[in-house]
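J.: Pasting a structure here, questions to come.
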Amino acid sequence: MELFIEERDTVTLVHVKEERLDAHNSVDLKVKIQELFDTGKKNVLINLQDVRFIDSSGLGALVSGFKNASSHHGNLKLASLQPQVKSMFELTRLHRVFEIFSTTAEAIDNF
Amino acid sequence: MKREIEVDIKVPNQTRYLSLIGRIGEDLARELDKYQGDRETLAYHINLVLTEAMANAIKHANVNDPEKYVHICINITDDDLFIKVYDSGQGFDISNIPKPDFEKLDDSGRGVFIIKSLMDKVTYHRINGENVLEMSKNLK
């Protein structure tokens, strides 16, 4: 899976550079998020701008990341969801769990 | 004139083929020029149910055995969509899986709920030594 990671102030910004986040590649994202919290990162922002398609394993990887954040007293937030991806969060009620922002800039201001 | 398209495909039991099958489903939806709803949403939904059903077959029924195959049959007309996903494994009856508990944050268990939410009818049965997950949706 192609991920681009950069630091912006106190936030670790993870750009998911994939069109699909599915059962084929979601484990990579799950492992990377776990690694970030395990190495002491506290604020992780996932930029989903390039992700056009997400399935239940993609959602599961993000849920895993959210729980990892909580157990490390950190935060995991999401930004730039495409409409169909956002509708999957709504269908599975996960929009009530995650803090979701329209842009990465807006998300960074809210950590 | 009633049009009917049928796609019958077998792919190795590996997750790398999920995107191929999903893409085929999307392209089929875009052929439905008489469909009254939002065709892009329908395309996404077909991609999603194919991805979820195939991922279930790979992981649970064929237990990640890369030597096995997943057999998928898609039949689409202006009126209906039928999808059959065959597995030759031990079976994984998704029709009996309960709805997820939305208050509990589990990593998995949403795939079957997604399929049932987006399709009208979902059944799972054994036929000629294979298991088949059948899903249908009315497009009118």
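Numbering starts fresh at 1 for the residues of each chain in the structure tokens, the chains themselves are lettered A, B, ... in the order given, and ligands are numbered from 1 as they appear.
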Pick out the residues sitting within 12 Å of A:Glu35, and hand them over as a VMD selection string; count only C-alpha atoms, and ignore anything fewer than 6 positions along from it in its own chain.

T.: chain A and resid 28 to 29 41 to 42 44 65 68 to 69 72

J.: Print the selection's residues with all heavy atoms to a file, as a PDB file, in the first residue's frame.

T.:
```pdb
ATOM      1  N   ASP A  28      -2.162  -3.238   5.846  1.00  0.00           N
ATOM      2  CA  ASP A  28      -0.978  -2.364   5.822  1.00  0.00           C
ATOM      3  C   ASP A  28      -1.247  -1.056   6.564  1.00  0.00           C
ATOM      4  O   ASP A  28      -0.397  -0.554   7.303  1.00  0.00           O
ATOM      5  CB  ASP A  28      -0.582  -2.026   4.364  1.00  0.00           C
ATOM      6  CG  ASP A  28      -0.160  -3.252   3.580  1.00  0.00           C
ATOM      7  OD1 ASP A  28       0.001  -4.321   4.193  1.00  0.00           O
ATOM      8  OD2 ASP A  28      -0.005  -3.138   2.352  1.00  0.00           O
ATOM      9  N   LEU A  29      -2.442  -0.503   6.331  1.00  0.00           N
ATOM     10  CA  LEU A  29      -2.797   0.752   7.006  1.00  0.00           C
ATOM     11  C   LEU A  29      -2.937   0.526   8.509  1.00  0.00           C
ATOM     12  O   LEU A  29      -2.443   1.308   9.322  1.00  0.00           O
ATOM     13  CB  LEU A  29      -4.101   1.314   6.419  1.00  0.00           C
ATOM     14  CG  LEU A  29      -4.598   2.607   7.056  1.00  0.00           C
ATOM     15  CD1 LEU A  29      -3.600   3.753   6.844  1.00  0.00           C
ATOM     16  CD2 LEU A  29      -5.963   3.014   6.497  1.00  0.00           C
ATOM     17  N   LYS A  41       3.673   8.636  18.737  1.00  0.00           N
ATOM     18  CA  LYS A  41       2.859   9.687  18.113  1.00  0.00           C
ATOM     19  C   LYS A  41       1.532   9.785  18.866  1.00  0.00           C
ATOM     20  O   LYS A  41       0.967   8.765  19.275  1.00  0.00           O
ATOM     21  CB  LYS A  41       2.590   9.386  16.637  1.00  0.00           C
ATOM     22  CG  LYS A  41       3.832   9.151  15.800  1.00  0.00           C
ATOM     23  CD  LYS A  41       4.669  10.392  15.651  1.00  0.00           C
ATOM     24  CE  LYS A  41       5.839  10.137  14.700  1.00  0.00           C
ATOM     25  NZ  LYS A  41       6.887  11.160  14.828  1.00  0.00           N
ATOM     26  N   LYS A  42       1.051  11.006  19.035  1.00  0.00           N
ATOM     27  CA  LYS A  42      -0.201  11.183  19.783  1.00  0.00           C
ATOM     28  C   LYS A  42      -1.363  11.619  18.897  1.00  0.00           C
ATOM     29  O   LYS A  42      -2.519  11.326  19.183  1.00  0.00           O
ATOM     30  CB  LYS A  42      -0.002  12.228  20.898  1.00  0.00           C
ATOM     31  CG  LYS A  42       0.868  11.746  22.051  1.00  0.00           C
ATOM     32  CD  LYS A  42       0.183  10.644  22.846  1.00  0.00           C
ATOM     33  CE  LYS A  42       1.092  10.092  23.924  1.00  0.00           C
ATOM     34  NZ  LYS A  42       0.720   8.745  24.333  1.00  0.00           N
ATOM     35  N   VAL A  44      -2.831  11.620  15.127  1.00  0.00           N
ATOM     36  CA  VAL A  44      -2.719  11.070  13.771  1.00  0.00           C
ATOM     37  C   VAL A  44      -3.945  11.478  12.950  1.00  0.00           C
ATOM     38  O   VAL A  44      -5.089  11.313  13.392  1.00  0.00           O
ATOM     39  CB  VAL A  44      -2.570   9.533  13.804  1.00  0.00           C
ATOM     40  CG1 VAL A  44      -2.600   8.945  12.399  1.00  0.00           C
ATOM     41  CG2 VAL A  44      -1.271   9.132  14.516  1.00  0.00           C
ATOM     42  N   GLY A  65      -7.415   1.611  14.326  1.00  0.00           N
ATOM     43  CA  GLY A  65      -6.594   2.793  14.583  1.00  0.00           C
ATOM     44  C   GLY A  65      -7.196   3.684  15.650  1.00  0.00           C
ATOM     45  O   GLY A  65      -6.493   4.205  16.526  1.00  0.00           O
ATOM     46  N   ASN A  68      -6.624   2.082  18.942  1.00  0.00           N
ATOM     47  CA  ASN A  68      -5.206   2.241  19.264  1.00  0.00           C
ATOM     48  C   ASN A  68      -4.926   3.624  19.824  1.00  0.00           C
ATOM     49  O   ASN A  68      -4.179   3.779  20.786  1.00  0.00           O
ATOM     50  CB  ASN A  68      -4.411   2.091  17.963  1.00  0.00           C
ATOM     51  CG  ASN A  68      -3.508   0.909  18.014  1.00  0.00           C
ATOM     52  OD1 ASN A  68      -2.715   0.804  18.925  1.00  0.00           O
ATOM     53  ND2 ASN A  68      -3.652   0.031  17.045  1.00  0.00           N
ATOM     54  N   ALA A  69      -5.522   4.633  19.180  1.00  0.00           N
ATOM     55  CA  ALA A  69      -5.357   6.017  19.643  1.00  0.00           C
ATOM     56  C   ALA A  69      -5.850   6.132  21.088  1.00  0.00           C
ATOM     57  O   ALA A  69      -5.148   6.667  21.952  1.00  0.00           O
ATOM     58  CB  ALA A  69      -6.135   6.967  18.729  1.00  0.00           C
ATOM     59  N   HIS A  72      -3.623   4.643  23.690  1.00  0.00           N
ATOM     60  CA  HIS A  72      -2.356   5.371  23.872  1.00  0.00           C
ATOM     61  C   HIS A  72      -2.613   6.826  24.292  1.00  0.00           C
ATOM     62  O   HIS A  72      -1.708   7.650  24.208  1.00  0.00           O
ATOM     63  CB  HIS A  72      -1.552   5.356  22.564  1.00  0.00           C
ATOM     64  CG  HIS A  72      -0.912   4.038  22.244  1.00  0.00           C
ATOM     65  ND1 HIS A  72      -1.575   3.020  21.603  1.00  0.00           N
ATOM     66  CD2 HIS A  72       0.336   3.559  22.486  1.00  0.00           C
ATOM     67  CE1 HIS A  72      -0.758   1.982  21.453  1.00  0.00           C
ATOM     68  NE2 HIS A  72       0.400   2.283  21.996  1.00  0.00           N
TER      69      HIS A  72
END
```

J.: Pull out every residue of chain B sitting within 7 Å of chain A, counting only C-alpha atoms, and send them as a ChimeraX atom specification.

T.: /B:15-16,48,52,55,102,105,107-108,110-111

J.: When DSSP works through the backbone of this structure, what residues of stretch 37-66 of chain B end up as alpha helix (DSSP H), shown as number ranges by chain?

T.: B: 39-56

J.: Write the residues of the selection above to a file with N, CA and C atoms, as a PDB file, in the first residue's frame.

T.:
```pdb
ATOM      1  N   ARG B  39     -26.731   6.183 -11.243  1.00  0.00           N
ATOM      2  CA  ARG B  39     -25.959   5.041 -11.753  1.00  0.00           C
ATOM      3  C   ARG B  39     -24.594   4.911 -11.078  1.00  0.00           C
ATOM      4  N   GLU B  40     -24.005   6.036 -10.705  1.00  0.00           N
ATOM      5  CA  GLU B  40     -22.690   5.969 -10.040  1.00  0.00           C
ATOM      6  C   GLU B  40     -22.814   5.357  -8.641  1.00  0.00           C
ATOM      7  N   THR B  41     -23.909   5.654  -7.967  1.00  0.00           N
ATOM      8  CA  THR B  41     -24.134   5.043  -6.637  1.00  0.00           C
ATOM      9  C   THR B  41     -24.364   3.547  -6.802  1.00  0.00           C
ATOM     10  N   LEU B  42     -25.171   3.180  -7.809  1.00  0.00           N
ATOM     11  CA  LEU B  42     -25.410   1.751  -8.068  1.00  0.00           C
ATOM     12  C   LEU B  42     -24.085   1.044  -8.387  1.00  0.00           C
ATOM     13  N   ALA B  43     -23.248   1.691  -9.202  1.00  0.00           N
ATOM     14  CA  ALA B  43     -21.951   1.107  -9.576  1.00  0.00           C
ATOM     15  C   ALA B  43     -21.117   0.862  -8.320  1.00  0.00           C
ATOM     16  N   TYR B  44     -21.111   1.838  -7.438  1.00  0.00           N
ATOM     17  CA  TYR B  44     -20.348   1.708  -6.185  1.00  0.00           C
ATOM     18  C   TYR B  44     -20.887   0.550  -5.348  1.00  0.00           C
ATOM     19  N   HIS B  45     -22.210   0.462  -5.264  1.00  0.00           N
ATOM     20  CA  HIS B  45     -22.828  -0.584  -4.444  1.00  0.00           C
ATOM     21  C   HIS B  45     -22.540  -1.981  -4.993  1.00  0.00           C
ATOM     22  N   ILE B  46     -22.565  -2.125  -6.331  1.00  0.00           N
ATOM     23  CA  ILE B  46     -22.269  -3.431  -6.930  1.00  0.00           C
ATOM     24  C   ILE B  46     -20.803  -3.787  -6.670  1.00  0.00           C
ATOM     25  N   ASN B  47     -19.926  -2.826  -6.854  1.00  0.00           N
ATOM     26  CA  ASN B  47     -18.510  -3.024  -6.551  1.00  0.00           C
ATOM     27  C   ASN B  47     -18.365  -3.501  -5.094  1.00  0.00           C
ATOM     28  N   LEU B  48     -19.072  -2.835  -4.210  1.00  0.00           N
ATOM     29  CA  LEU B  48     -18.949  -3.134  -2.777  1.00  0.00           C
ATOM     30  C   LEU B  48     -19.474  -4.526  -2.416  1.00  0.00           C
ATOM     31  N   VAL B  49     -20.666  -4.892  -2.900  1.00  0.00           N
ATOM     32  CA  VAL B  49     -21.202  -6.214  -2.523  1.00  0.00           C
ATOM     33  C   VAL B  49     -20.350  -7.338  -3.125  1.00  0.00           C
ATOM     34  N   LEU B  50     -19.827  -7.112  -4.345  1.00  0.00           N
ATOM     35  CA  LEU B  50     -18.937  -8.116  -4.941  1.00  0.00           C
ATOM     36  C   LEU B  50     -17.653  -8.242  -4.117  1.00  0.00           C
ATOM     37  N   THR B  51     -17.104  -7.114  -3.721  1.00  0.00           N
ATOM     38  CA  THR B  51     -15.874  -7.115  -2.918  1.00  0.00           C
ATOM     39  C   THR B  51     -16.094  -7.826  -1.584  1.00  0.00           C
ATOM     40  N   GLU B  52     -17.202  -7.490  -0.913  1.00  0.00           N
ATOM     41  CA  GLU B  52     -17.484  -8.084   0.406  1.00  0.00           C
ATOM     42  C   GLU B  52     -17.727  -9.596   0.287  1.00  0.00           C
ATOM     43  N   ALA B  53     -18.529  -9.983  -0.716  1.00  0.00           N
ATOM     44  CA  ALA B  53     -18.870 -11.400  -0.860  1.00  0.00           C
ATOM     45  C   ALA B  53     -17.632 -12.211  -1.228  1.00  0.00           C
ATOM     46  N   MET B  54     -16.818 -11.659  -2.123  1.00  0.00           N
ATOM     47  CA  MET B  54     -15.621 -12.384  -2.540  1.00  0.00           C
ATOM     48  C   MET B  54     -14.601 -12.459  -1.396  1.00  0.00           C
ATOM     49  N   ALA B  55     -14.434 -11.377  -0.649  1.00  0.00           N
ATOM     50  CA  ALA B  55     -13.497 -11.380   0.484  1.00  0.00           C
ATOM     51  C   ALA B  55     -13.938 -12.416   1.525  1.00  0.00           C
ATOM     52  N   ASN B  56     -15.243 -12.527   1.735  1.00  0.00           N
ATOM     53  CA  ASN B  56     -15.757 -13.547   2.673  1.00  0.00           C
ATOM     54  C   ASN B  56     -15.449 -14.948   2.189  1.00  0.00           C
TER      55      ASN B  56
END
```

J.: So that I can check the secondary structure, give me every residue of chain A assigned strand (DSSP E) by backbone DSSP, as JSON, numbers by chain.

T.: {"A": [3, 4, 5, 6, 7, 8, 11, 12, 13, 14, 15, 16, 20, 21, 43, 44, 45, 46, 47, 53, 54, 75, 76, 77, 78, 79, 100, 101]}

J.: Kindly export the residues of the current selection with N, CA, C and O atoms, as an mmCIF file, in the first residue's frame.

T.:
```
data_model
loop_
_atom_site.group_PDB
_atom_site.id
_atom_site.type_symbol
_atom_site.label_atom_id
_atom_site.label_comp_id
_atom_site.auth_asym_id
_atom_site.auth_seq_id
_atom_site.Cartn_x
_atom_site.Cartn_y
_atom_site.Cartn_z
ATOM 1 N N LEU A 3 1.565 4.801 1.147
ATOM 2 C CA LEU A 3 1.214 5.795 2.160
ATOM 3 C C LEU A 3 2.286 6.871 2.144
ATOM 4 O O LEU A 3 3.469 6.563 2.015
ATOM 5 N N PHE A 4 1.878 8.126 2.284
ATOM 6 C CA PHE A 4 2.851 9.216 2.405
ATOM 7 C C PHE A 4 2.611 9.866 3.762
ATOM 8 O O PHE A 4 1.496 10.280 4.073
ATOM 9 N N ILE A 5 3.678 9.921 4.566
ATOM 10 C CA ILE A 5 3.521 10.397 5.940
ATOM 11 C C ILE A 5 4.358 11.648 6.162
ATOM 12 O O ILE A 5 5.536 11.696 5.788
ATOM 13 N N GLU A 6 3.753 12.675 6.738
ATOM 14 C CA GLU A 6 4.488 13.904 7.033
ATOM 15 C C GLU A 6 4.059 14.446 8.392
ATOM 16 O O GLU A 6 2.967 14.138 8.877
ATOM 17 N N GLU A 7 4.931 15.247 8.986
ATOM 18 C CA GLU A 7 4.624 15.869 10.276
ATOM 19 C C GLU A 7 4.192 17.307 10.028
ATOM 20 O O GLU A 7 4.859 18.046 9.308
ATOM 21 N N ARG A 8 3.079 17.695 10.621
ATOM 22 C CA ARG A 8 2.609 19.091 10.552
ATOM 23 C C ARG A 8 2.352 19.544 11.980
ATOM 24 O O ARG A 8 1.370 19.105 12.584
ATOM 25 N N VAL A 11 0.923 17.175 14.586
ATOM 26 C CA VAL A 11 0.079 16.159 13.942
ATOM 27 C C VAL A 11 0.881 15.330 12.933
ATOM 28 O O VAL A 11 1.650 15.870 12.143
ATOM 29 N N THR A 12 0.677 14.011 12.981
ATOM 30 C CA THR A 12 1.251 13.127 11.964
ATOM 31 C C THR A 12 0.176 12.897 10.904
ATOM 32 O O THR A 12 -0.896 12.355 11.199
ATOM 33 N N LEU A 13 0.483 13.368 9.708
ATOM 34 C CA LEU A 13 -0.507 13.316 8.629
ATOM 35 C C LEU A 13 -0.194 12.130 7.713
ATOM 36 O O LEU A 13 0.891 12.054 7.137
ATOM 37 N N VAL A 14 -1.165 11.214 7.609
ATOM 38 C CA VAL A 14 -0.994 10.016 6.777
ATOM 39 C C VAL A 14 -1.866 10.159 5.525
ATOM 40 O O VAL A 14 -3.099 10.178 5.632
ATOM 41 N N HIS A 15 -1.225 10.307 4.381
ATOM 42 C CA HIS A 15 -1.979 10.394 3.124
ATOM 43 C C HIS A 15 -2.085 8.982 2.558
ATOM 44 O O HIS A 15 -1.058 8.345 2.290
ATOM 45 N N VAL A 16 -3.297 8.499 2.376
ATOM 46 C CA VAL A 16 -3.499 7.168 1.782
ATOM 47 C C VAL A 16 -3.538 7.360 0.266
ATOM 48 O O VAL A 16 -4.498 7.909 -0.273
ATOM 49 N N ARG A 20 -8.402 2.358 -3.742
ATOM 50 C CA ARG A 20 -9.227 1.407 -2.981
ATOM 51 C C ARG A 20 -8.587 1.094 -1.635
ATOM 52 O O ARG A 20 -7.381 0.860 -1.554
ATOM 53 N N LEU A 21 -9.423 1.071 -0.600
ATOM 54 C CA LEU A 21 -8.980 0.601 0.710
ATOM 55 C C LEU A 21 -9.867 -0.610 1.010
ATOM 56 O O LEU A 21 -11.040 -0.472 1.357
ATOM 57 N N ASN A 43 -1.054 12.380 17.854
ATOM 58 C CA ASN A 43 -2.114 12.925 17.001
ATOM 59 C C ASN A 43 -1.930 12.449 15.569
ATOM 60 O O ASN A 43 -0.979 12.863 14.899
ATOM 61 N N VAL A 44 -2.831 11.620 15.127
ATOM 62 C CA VAL A 44 -2.719 11.070 13.771
ATOM 63 C C VAL A 44 -3.945 11.478 12.950
ATOM 64 O O VAL A 44 -5.089 11.313 13.392
ATOM 65 N N LEU A 45 -3.660 12.041 11.779
ATOM 66 C CA LEU A 45 -4.731 12.439 10.863
ATOM 67 C C LEU A 45 -4.605 11.612 9.590
ATOM 68 O O LEU A 45 -3.538 11.545 8.979
ATOM 69 N N ILE A 46 -5.703 10.963 9.216
ATOM 70 C CA ILE A 46 -5.703 10.145 7.993
ATOM 71 C C ILE A 46 -6.384 10.943 6.883
ATOM 72 O O ILE A 46 -7.572 11.287 7.001
ATOM 73 N N ASN A 47 -5.635 11.229 5.825
ATOM 74 C CA ASN A 47 -6.192 11.948 4.678
ATOM 75 C C ASN A 47 -6.689 10.922 3.648
ATOM 76 O O ASN A 47 -5.887 10.223 3.032
ATOM 77 N N PHE A 53 -12.916 4.210 -2.879
ATOM 78 C CA PHE A 53 -13.673 3.013 -2.506
ATOM 79 C C PHE A 53 -13.168 2.479 -1.170
ATOM 80 O O PHE A 53 -11.958 2.310 -0.975
ATOM 81 N N ILE A 54 -14.100 2.182 -0.279
ATOM 82 C CA ILE A 54 -13.717 1.560 0.999
ATOM 83 C C ILE A 54 -14.679 0.406 1.277
ATOM 84 O O ILE A 54 -15.877 0.512 1.009
ATOM 85 N N ASN A 75 -5.068 10.715 19.620
ATOM 86 C CA ASN A 75 -6.240 11.022 18.786
ATOM 87 C C ASN A 75 -6.022 10.536 17.364
ATOM 88 O O ASN A 75 -4.917 10.664 16.834
ATOM 89 N N LEU A 76 -7.094 10.036 16.765
ATOM 90 C CA LEU A 76 -7.059 9.695 15.342
ATOM 91 C C LEU A 76 -8.283 10.338 14.691
ATOM 92 O O LEU A 76 -9.411 10.122 15.130
ATOM 93 N N LYS A 77 -8.019 11.193 13.720
ATOM 94 C CA LYS A 77 -9.114 11.885 13.029
ATOM 95 C C LYS A 77 -8.999 11.655 11.526
ATOM 96 O O LYS A 77 -7.950 11.234 11.031
ATOM 97 N N LEU A 78 -10.085 11.938 10.825
ATOM 98 C CA LEU A 78 -10.143 11.680 9.380
ATOM 99 C C LEU A 78 -10.441 12.962 8.621
ATOM 100 O O LEU A 78 -11.159 13.838 9.128
ATOM 101 N N ALA A 79 -9.904 13.063 7.410
ATOM 102 C CA ALA A 79 -10.177 14.242 6.583
ATOM 103 C C ALA A 79 -10.381 13.869 5.129
ATOM 104 O O ALA A 79 -9.883 12.844 4.660
ATOM 105 N N ILE A 100 -14.670 13.732 11.667
ATOM 106 C CA ILE A 100 -14.411 13.785 10.226
ATOM 107 C C ILE A 100 -14.435 15.245 9.761
ATOM 108 O O ILE A 100 -15.404 15.959 10.033
ATOM 109 N N PHE A 101 -13.372 15.656 9.073
ATOM 110 C CA PHE A 101 -13.270 17.041 8.615
ATOM 111 C C PHE A 101 -13.214 17.100 7.089
ATOM 112 O O PHE A 101 -12.734 16.173 6.447
#
```

J.: When you count only C-alpha atoms, which of these residues is closest to A:Val27: A:Asp9, A:Gly40, A:Met1, A:His95?

T.: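 Selected residue with least distance to A:Val27: A:Met1.
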
J.: Please indicate the distance in Å from atom CA of B:Phe82 to atom CA of B:Glu67, rounded to one decimal place.

T.: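 Between atom CA of B:Phe82 and atom CA of B:Glu67 the gap works out to 26.7 Å.
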
J.: Write out as a list of chain:residue names the residues lying within 12 Å of B:Val132, counting only C-alpha atoms and excluding same-chain residues fewer than 4 positions away.

T.: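 Once the adjacent positions are removed, what remains is B:Ala53, B:Met54, B:Asn56, B:Ala57, B:Ala61, B:Val70, B:His71, B:Ile72, B:Cys73, B:Ile83, B:Lys84, B:Val85, B:Tyr86, B:Asp87, B:Ser88, B:Gly89, B:Gln90, B:Gly91, B:Phe92, B:Asp93, B:Ile94, B:Ser95, B:Val122, B:Thr123, B:Tyr124, B:His125, B:Arg126, B:Ile127, B:Asn128.
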
J.: Mind dumping the selected residues with N, CA, C and O atoms as a compact mmCIF listing (two decimals), in the first residue's frame?

T.:
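Written out: part_5.txt:
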```txt
# COMPACT_ATOMS: atom_id res chain seq x y z
N ALA B 53 -18.53 -9.98 -0.72
CA ALA B 53 -18.87 -11.40 -0.86
C ALA B 53 -17.63 -12.21 -1.23
O ALA B 53 -17.40 -13.30 -0.70
N MET B 54 -16.82 -11.66 -2.12
CA MET B 54 -15.62 -12.38 -2.54
C MET B 54 -14.60 -12.46 -1.40
O MET B 54 -13.98 -13.50 -1.18
N ASN B 56 -15.24 -12.53 1.73
CA ASN B 56 -15.76 -13.55 2.67
C ASN B 56 -15.45 -14.95 2.19
O ASN B 56 -15.05 -15.81 2.97
N ALA B 57 -15.65 -15.17 0.88
CA ALA B 57 -15.38 -16.50 0.31
C ALA B 57 -13.89 -16.83 0.46
O ALA B 57 -13.53 -17.94 0.85
N ALA B 61 -14.60 -19.17 3.66
CA ALA B 61 -15.02 -20.43 3.04
C ALA B 61 -13.81 -21.20 2.48
O ALA B 61 -13.64 -22.38 2.72
N VAL B 70 -12.33 -18.67 -6.73
CA VAL B 70 -13.66 -18.14 -6.44
C VAL B 70 -14.36 -17.97 -7.79
O VAL B 70 -13.78 -17.43 -8.73
N HIS B 71 -15.56 -18.46 -7.86
CA HIS B 71 -16.34 -18.41 -9.09
C HIS B 71 -17.50 -17.43 -8.88
O HIS B 71 -18.25 -17.55 -7.92
N ILE B 72 -17.58 -16.46 -9.78
CA ILE B 72 -18.59 -15.41 -9.64
C ILE B 72 -19.42 -15.33 -10.92
O ILE B 72 -18.86 -15.35 -12.03
N CYS B 73 -20.71 -15.22 -10.75
CA CYS B 73 -21.60 -15.08 -11.89
C CYS B 73 -22.48 -13.86 -11.65
O CYS B 73 -23.16 -13.77 -10.62
N ILE B 83 -26.41 -11.82 -8.42
CA ILE B 83 -25.00 -12.15 -8.25
C ILE B 83 -24.91 -13.49 -7.52
O ILE B 83 -25.60 -13.69 -6.51
N LYS B 84 -24.07 -14.39 -8.03
CA LYS B 84 -23.80 -15.64 -7.32
C LYS B 84 -22.30 -15.74 -7.09
O LYS B 84 -21.52 -15.53 -8.03
N VAL B 85 -21.93 -16.03 -5.87
CA VAL B 85 -20.52 -16.22 -5.55
C VAL B 85 -20.37 -17.65 -5.02
O VAL B 85 -20.94 -17.99 -3.97
N TYR B 86 -19.64 -18.47 -5.76
CA TYR B 86 -19.46 -19.88 -5.40
C TYR B 86 -18.13 -20.06 -4.67
O TYR B 86 -17.12 -19.44 -5.04
N ASP B 87 -18.14 -20.89 -3.65
CA ASP B 87 -16.87 -21.29 -3.04
C ASP B 87 -16.86 -22.80 -2.90
O ASP B 87 -17.91 -23.43 -2.80
N SER B 88 -15.66 -23.36 -2.92
CA SER B 88 -15.55 -24.81 -2.86
C SER B 88 -15.00 -25.24 -1.49
O SER B 88 -14.46 -26.31 -1.35
N GLY B 89 -15.13 -24.35 -0.52
CA GLY B 89 -14.57 -24.63 0.79
C GLY B 89 -15.57 -25.19 1.77
O GLY B 89 -16.55 -25.82 1.39
N GLN B 90 -15.31 -24.92 3.04
CA GLN B 90 -16.12 -25.50 4.11
C GLN B 90 -17.45 -24.76 4.29
O GLN B 90 -18.30 -25.19 5.05
N GLY B 91 -17.59 -23.63 3.60
CA GLY B 91 -18.83 -22.89 3.72
C GLY B 91 -18.78 -21.82 4.78
O GLY B 91 -18.03 -21.94 5.75
N PHE B 92 -19.53 -20.79 4.57
CA PHE B 92 -19.59 -19.69 5.54
C PHE B 92 -20.95 -19.04 5.35
O PHE B 92 -21.15 -18.25 4.43
N ASP B 93 -21.90 -19.47 6.16
CA ASP B 93 -23.28 -19.07 5.91
C ASP B 93 -23.55 -17.65 6.38
O ASP B 93 -23.88 -17.39 7.52
N ILE B 94 -23.38 -16.71 5.44
CA ILE B 94 -23.53 -15.31 5.82
C ILE B 94 -25.00 -14.94 6.06
O ILE B 94 -25.29 -13.92 6.66
N SER B 95 -25.91 -15.81 5.59
CA SER B 95 -27.33 -15.44 5.76
C SER B 95 -27.76 -15.55 7.23
O SER B 95 -28.79 -15.01 7.61
N VAL B 122 -30.73 -12.12 0.08
CA VAL B 122 -29.42 -12.79 0.23
C VAL B 122 -29.66 -14.20 0.76
O VAL B 122 -30.31 -14.37 1.79
N THR B 123 -29.17 -15.21 0.03
CA THR B 123 -29.29 -16.59 0.53
C THR B 123 -27.95 -17.30 0.35
O THR B 123 -27.11 -16.88 -0.46
N TYR B 124 -27.78 -18.37 1.09
CA TYR B 124 -26.54 -19.15 1.00
C TYR B 124 -26.93 -20.62 1.06
O TYR B 124 -27.65 -21.03 1.97
N HIS B 125 -26.52 -21.41 0.08
CA HIS B 125 -26.85 -22.83 0.13
C HIS B 125 -25.80 -23.66 -0.60
O HIS B 125 -24.93 -23.11 -1.30
N ARG B 126 -25.93 -24.96 -0.45
CA ARG B 126 -24.97 -25.88 -1.06
C ARG B 126 -25.61 -26.51 -2.29
O ARG B 126 -26.76 -26.94 -2.25
N ILE B 127 -24.88 -26.51 -3.40
CA ILE B 127 -25.43 -27.08 -4.62
C ILE B 127 -24.29 -27.76 -5.40
O ILE B 127 -23.24 -27.16 -5.60
N ASN B 128 -24.50 -29.01 -5.78
CA ASN B 128 -23.51 -29.79 -6.53
C ASN B 128 -22.10 -29.75 -5.91
O ASN B 128 -21.11 -29.53 -6.60
```

J.: Kindly indicate which residue among B:Gln36, B:Asn131, B:Ser136, B:Thr77 lies nearest to B:Glu6, using only C-alpha atoms for the distances.

T.: B:Thr77

J.: Any idea what's packed within 8 Å of B:Met119, counting only C-alpha atoms, ignoring anything in its chain fewer than 2 positions away? Could you give it as a list in words?

T.: Ile115, Lys116, Ser117, Lys121, Val122, Met135, Ser136 and Lys137 of chain B
